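The structure under discussion appears below in the form of structure tokens.
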Amino acid sequence: MPAETAPVLEARGLFAGYRKVPCVRDVSLDVRPGEIVVVLGPNGAGKTTTLLTMAGALPGLGGEVLWRDSPMKAALHHRVRAGLGVIPEERSVISRLSVHDNLRIGRGPIEHALELFPELRPLLRRRAGLLSGGEQRMLLTARALAADPAVLLADELSLGLAPKIVTRLMQALRGAADRGTGVLLVEQHARQALAVADRAYILQRGSLVWSGSADEARQNLRRIERAYLGQDVGA
Ligand SMILES: Nc1ncnc2c1ncn2[C@@H]1O[C@H](COP(=O)(O)OP(=O)(O)O)[C@@H](O)[C@H]1O
Ligand SMILES: [Mg+2]
């Protein structure tokens with residue numbers, strides 16, 4: 001990643017939370033075009049709160065969120081138009097609509113979505129509510145990436161999925177990053193996200209406790225899982 005590339009999305013000293021009570025404190029992180037940044041942390045660490053505030057879906061309680069170096073104040077739908085893609089934690093397929101119609105709701109061409117995930121082609125007429133969890137996640141990812149977003153924010157994309165599907169989704173994110181999208185990925189499970197990530201941050205109880213290259217994180221995975229993620233993976 002060229003160090004001189006400016007961030008496309010950045011949190012600077014961000015405080016975030018609910019009903020004016022911050023549960024995320026003084027978090028600074030950034031995403032540059034073409035890189036995958038993963039935010040790791042145990043349940044309740046503040047990952048979703050950080051992501052939603054960076055997406056503009058939650059008002060910040062201090063600090064700033066910068067979009068290409070300017071404070072980002074526009075409403076979420078304006079940001080989406082400006083190139084912000086979000087795959088939220090509560091999944092947003094519309095169950096009663098077909099796969100095709102779910103893709104049509106996206107901002108990108110359906111054909112592009114199908115090039116990214118040819119697996120969806122035979123499922124186009126199926127109601128999205130009848131898809132497996134993995135297929136639904138592919139649909140959401142295809143829809144988000146078809147628009148070639150400048151930034152994609154994805155919350156626990158891998159949660160509950162078989163490793164093979166997680167690998168498939170992570171490869172799709174890597175492909176998008178290689179085409180220039182800045183990807184911010186929030187995950188509780190480190191291994192598969194780190195396999196495609198460039199950089200990592202770790203949140204614990206609302207504060208950043210570690211940041212570094214994904215290489216460094218991969219080399220210290222056991223220690224990181226034990227110390228920060230509450231996952232005692234054994235010897
Ligand atoms: N809608 C909400 N209202 C009040 N508190 C919330 C809400 N959502 C999350 N929280 C609290 O904020 C903290 C951080 O939660 P969250 O950002 O969802 O963590 P993570 O995504 O890392 O699991 C937790 O203590 C959680 O209970
Ligand atoms: Mg969460």
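The way I read the labels, and the way they are meant: chains A, B, ... in the order of the structure tokens, residue 1 as the first residue of every chain, and ligand 1 as the first ligand shown, with later ones counted on from there.
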
Collect all residues with atoms no farther than 10 Å from ligand 1, counting only C-alpha atoms and all ligand atoms, and output them as a count of residues only.
-> 35

Show which residues sit within 6 Å of segment 139-147 of chain A, as a list in words. Count only C-alpha atoms, and ignore same-chain residues fewer than 3 positions away.
->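 Non-adjacent residues within range: Gly85, Leu103, Gly106, Arg107, Gly108, His112, Ala113 and Gln136 of chain A.
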
Give the alpha helix (DSSP H) residues of segment 29-67 of chain A, as assigned by DSSP on the backbone, as a list in words.
->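 Residues of segment 29-67 of chain A classed as alpha helix (DSSP H): Lys47, Thr48, Thr49, Thr50, Leu51, Leu52, Thr53, Met54 and Ala55 of chain A.
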
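The gap separating atom CA of Trp67 of chain A from atom CA of Val8 of chain A is 5.7 Å, in Å to one decimal.
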
Return the single residue from A:Leu229, A:Tyr201, A:Pro7, A:Gly83 that is closest to Glu216 of chain A, with distances computed using only C-alpha atoms.
->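 Looking at the shortest contact to Glu216 of chain A, the residue is A:Tyr201.
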
DSSP on the backbone, then: every residue of segment 52-106 of chain A marked strand (DSSP E), written as JSON, numbers by chain.
-> {"A": [62, 63, 64, 65, 66, 67, 70, 71, 84, 85, 86, 87]}

With all heavy atoms retained, export the selected residues as a CSV table (one decimal), in the first residue's frame.
chain,number,residue,atom,x,y,z
A,62,GLY,N,-18.3,13.1,19.7
A,62,GLY,CA,-17.0,13.9,19.9
A,62,GLY,C,-16.0,13.4,18.8
A,62,GLY,O,-16.2,12.3,18.3
A,63,GLY,N,-15.0,14.3,18.6
A,63,GLY,CA,-14.1,13.9,17.5
A,63,GLY,C,-14.7,14.1,16.2
A,63,GLY,O,-15.8,14.7,16.0
A,64,GLU,N,-14.1,13.5,15.1
A,64,GLU,CA,-14.8,13.7,13.8
A,64,GLU,C,-14.6,12.5,12.9
A,64,GLU,O,-13.7,11.6,13.1
A,64,GLU,CB,-14.2,14.9,13.0
A,64,GLU,CG,-13.0,15.6,13.6
A,64,GLU,CD,-12.5,16.7,12.7
A,64,GLU,OE1,-13.3,17.5,12.1
A,64,GLU,OE2,-11.2,16.8,12.5
A,65,VAL,N,-15.5,12.5,11.9
A,65,VAL,CA,-15.4,11.5,10.9
A,65,VAL,C,-15.1,12.3,9.6
A,65,VAL,O,-15.8,13.2,9.3
A,65,VAL,CB,-16.7,10.7,10.7
A,65,VAL,CG1,-16.6,9.7,9.5
A,65,VAL,CG2,-17.0,9.9,12.0
A,66,LEU,N,-14.0,11.9,8.9
A,66,LEU,CA,-13.7,12.7,7.7
A,66,LEU,C,-13.8,11.8,6.5
A,66,LEU,O,-13.4,10.6,6.5
A,66,LEU,CB,-12.2,13.1,7.8
A,66,LEU,CG,-11.8,14.0,9.0
A,66,LEU,CD1,-10.3,14.1,9.2
A,66,LEU,CD2,-12.5,15.4,8.8
A,67,TRP,N,-14.5,12.4,5.5
A,67,TRP,CA,-14.6,11.7,4.2
A,67,TRP,C,-13.8,12.5,3.2
A,67,TRP,O,-14.0,13.7,3.0
A,67,TRP,CB,-16.1,11.8,3.8
A,67,TRP,CG,-16.5,11.3,2.4
A,67,TRP,CD1,-16.7,12.1,1.3
A,67,TRP,CD2,-16.7,9.9,2.0
A,67,TRP,NE1,-17.0,11.3,0.2
A,67,TRP,CE2,-17.0,10.0,0.6
A,67,TRP,CE3,-16.6,8.7,2.7
A,67,TRP,CZ2,-17.2,8.8,-0.1
A,67,TRP,CZ3,-16.8,7.6,2.0
A,67,TRP,CH2,-17.2,7.6,0.6
A,70,SER,N,-12.7,15.9,4.5
A,70,SER,CA,-13.7,16.9,4.9
A,70,SER,C,-14.6,16.3,5.9
A,70,SER,O,-15.0,15.1,5.8
A,70,SER,CB,-14.5,17.4,3.8
A,70,SER,OG,-13.7,17.8,2.7
A,71,PRO,N,-15.0,17.0,6.9
A,71,PRO,CA,-16.0,16.5,7.9
A,71,PRO,C,-17.2,16.0,7.2
A,71,PRO,O,-17.8,16.7,6.3
A,71,PRO,CB,-16.3,17.7,8.8
A,71,PRO,CG,-15.2,18.6,8.6
A,71,PRO,CD,-14.6,18.4,7.3
A,84,LEU,N,-20.3,5.4,-0.6
A,84,LEU,CA,-20.2,4.6,0.6
A,84,LEU,C,-21.1,3.4,0.6
A,84,LEU,O,-22.3,3.6,0.4
A,84,LEU,CB,-20.6,5.5,1.8
A,84,LEU,CG,-20.4,4.9,3.2
A,84,LEU,CD1,-19.0,4.8,3.6
A,84,LEU,CD2,-21.2,5.7,4.2
A,85,GLY,N,-20.5,2.2,0.7
A,85,GLY,CA,-21.3,1.0,0.8
A,85,GLY,C,-21.3,0.5,2.2
A,85,GLY,O,-20.3,0.5,2.8
A,86,VAL,N,-22.5,0.0,2.6
A,86,VAL,CA,-22.5,-0.6,4.0
A,86,VAL,C,-23.2,-1.9,4.0
A,86,VAL,O,-24.3,-2.0,3.4
A,86,VAL,CB,-23.3,0.4,4.9
A,86,VAL,CG1,-23.3,-0.2,6.4
A,86,VAL,CG2,-22.7,1.8,4.9
A,87,ILE,N,-22.6,-2.9,4.6
A,87,ILE,CA,-23.3,-4.2,4.9
A,87,ILE,C,-23.5,-4.2,6.4
A,87,ILE,O,-22.6,-4.6,7.1
A,87,ILE,CB,-22.6,-5.4,4.3
A,87,ILE,CG1,-22.3,-5.2,2.8
A,87,ILE,CG2,-23.4,-6.7,4.6
A,87,ILE,CD1,-21.5,-6.4,2.2

One-decimal distance in Å that lies between atom CA of Leu159 of chain A and atom CA of Ser213 of chain A |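 Separation of atom CA of Ser213 of chain A and atom CA of Leu159 of chain A: 22.9 Å.
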
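Among the candidate residues A:Arg25, A:Arg126, A:Arg199, A:Arg91, the one lying nearest to Ser158 of chain A is A:Arg91, with distances computed using only C-alpha atoms.
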
Determine the nearest neighbour of Leu29 of chain A from the options A:Glu10, A:Arg218, A:Gln192, A:His100, counting only C-alpha atoms.
-> A:Glu10

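The shortest atom-to-atom distance to Leu152 of chain A, with only C-alpha atoms taken into account, belongs to A:Ala177 out of A:Leu131, A:Leu97, A:Ala177, A:Ala57.
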
Near Ala6 of chain A, within 8 Å and counting only C-alpha atoms, which residues show up once chain neighbours fewer than 5 positions away are dropped, as a list in words?
->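 After dropping sequence-adjacent residues, the list is Arg32, Pro33 and Arg68 of chain A.
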
Pick from A:Gly34, A:Gly13, A:Gly230, A:Pro88 nearest to ligand 2, counting only C-alpha atoms and all ligand atoms | A:Pro88
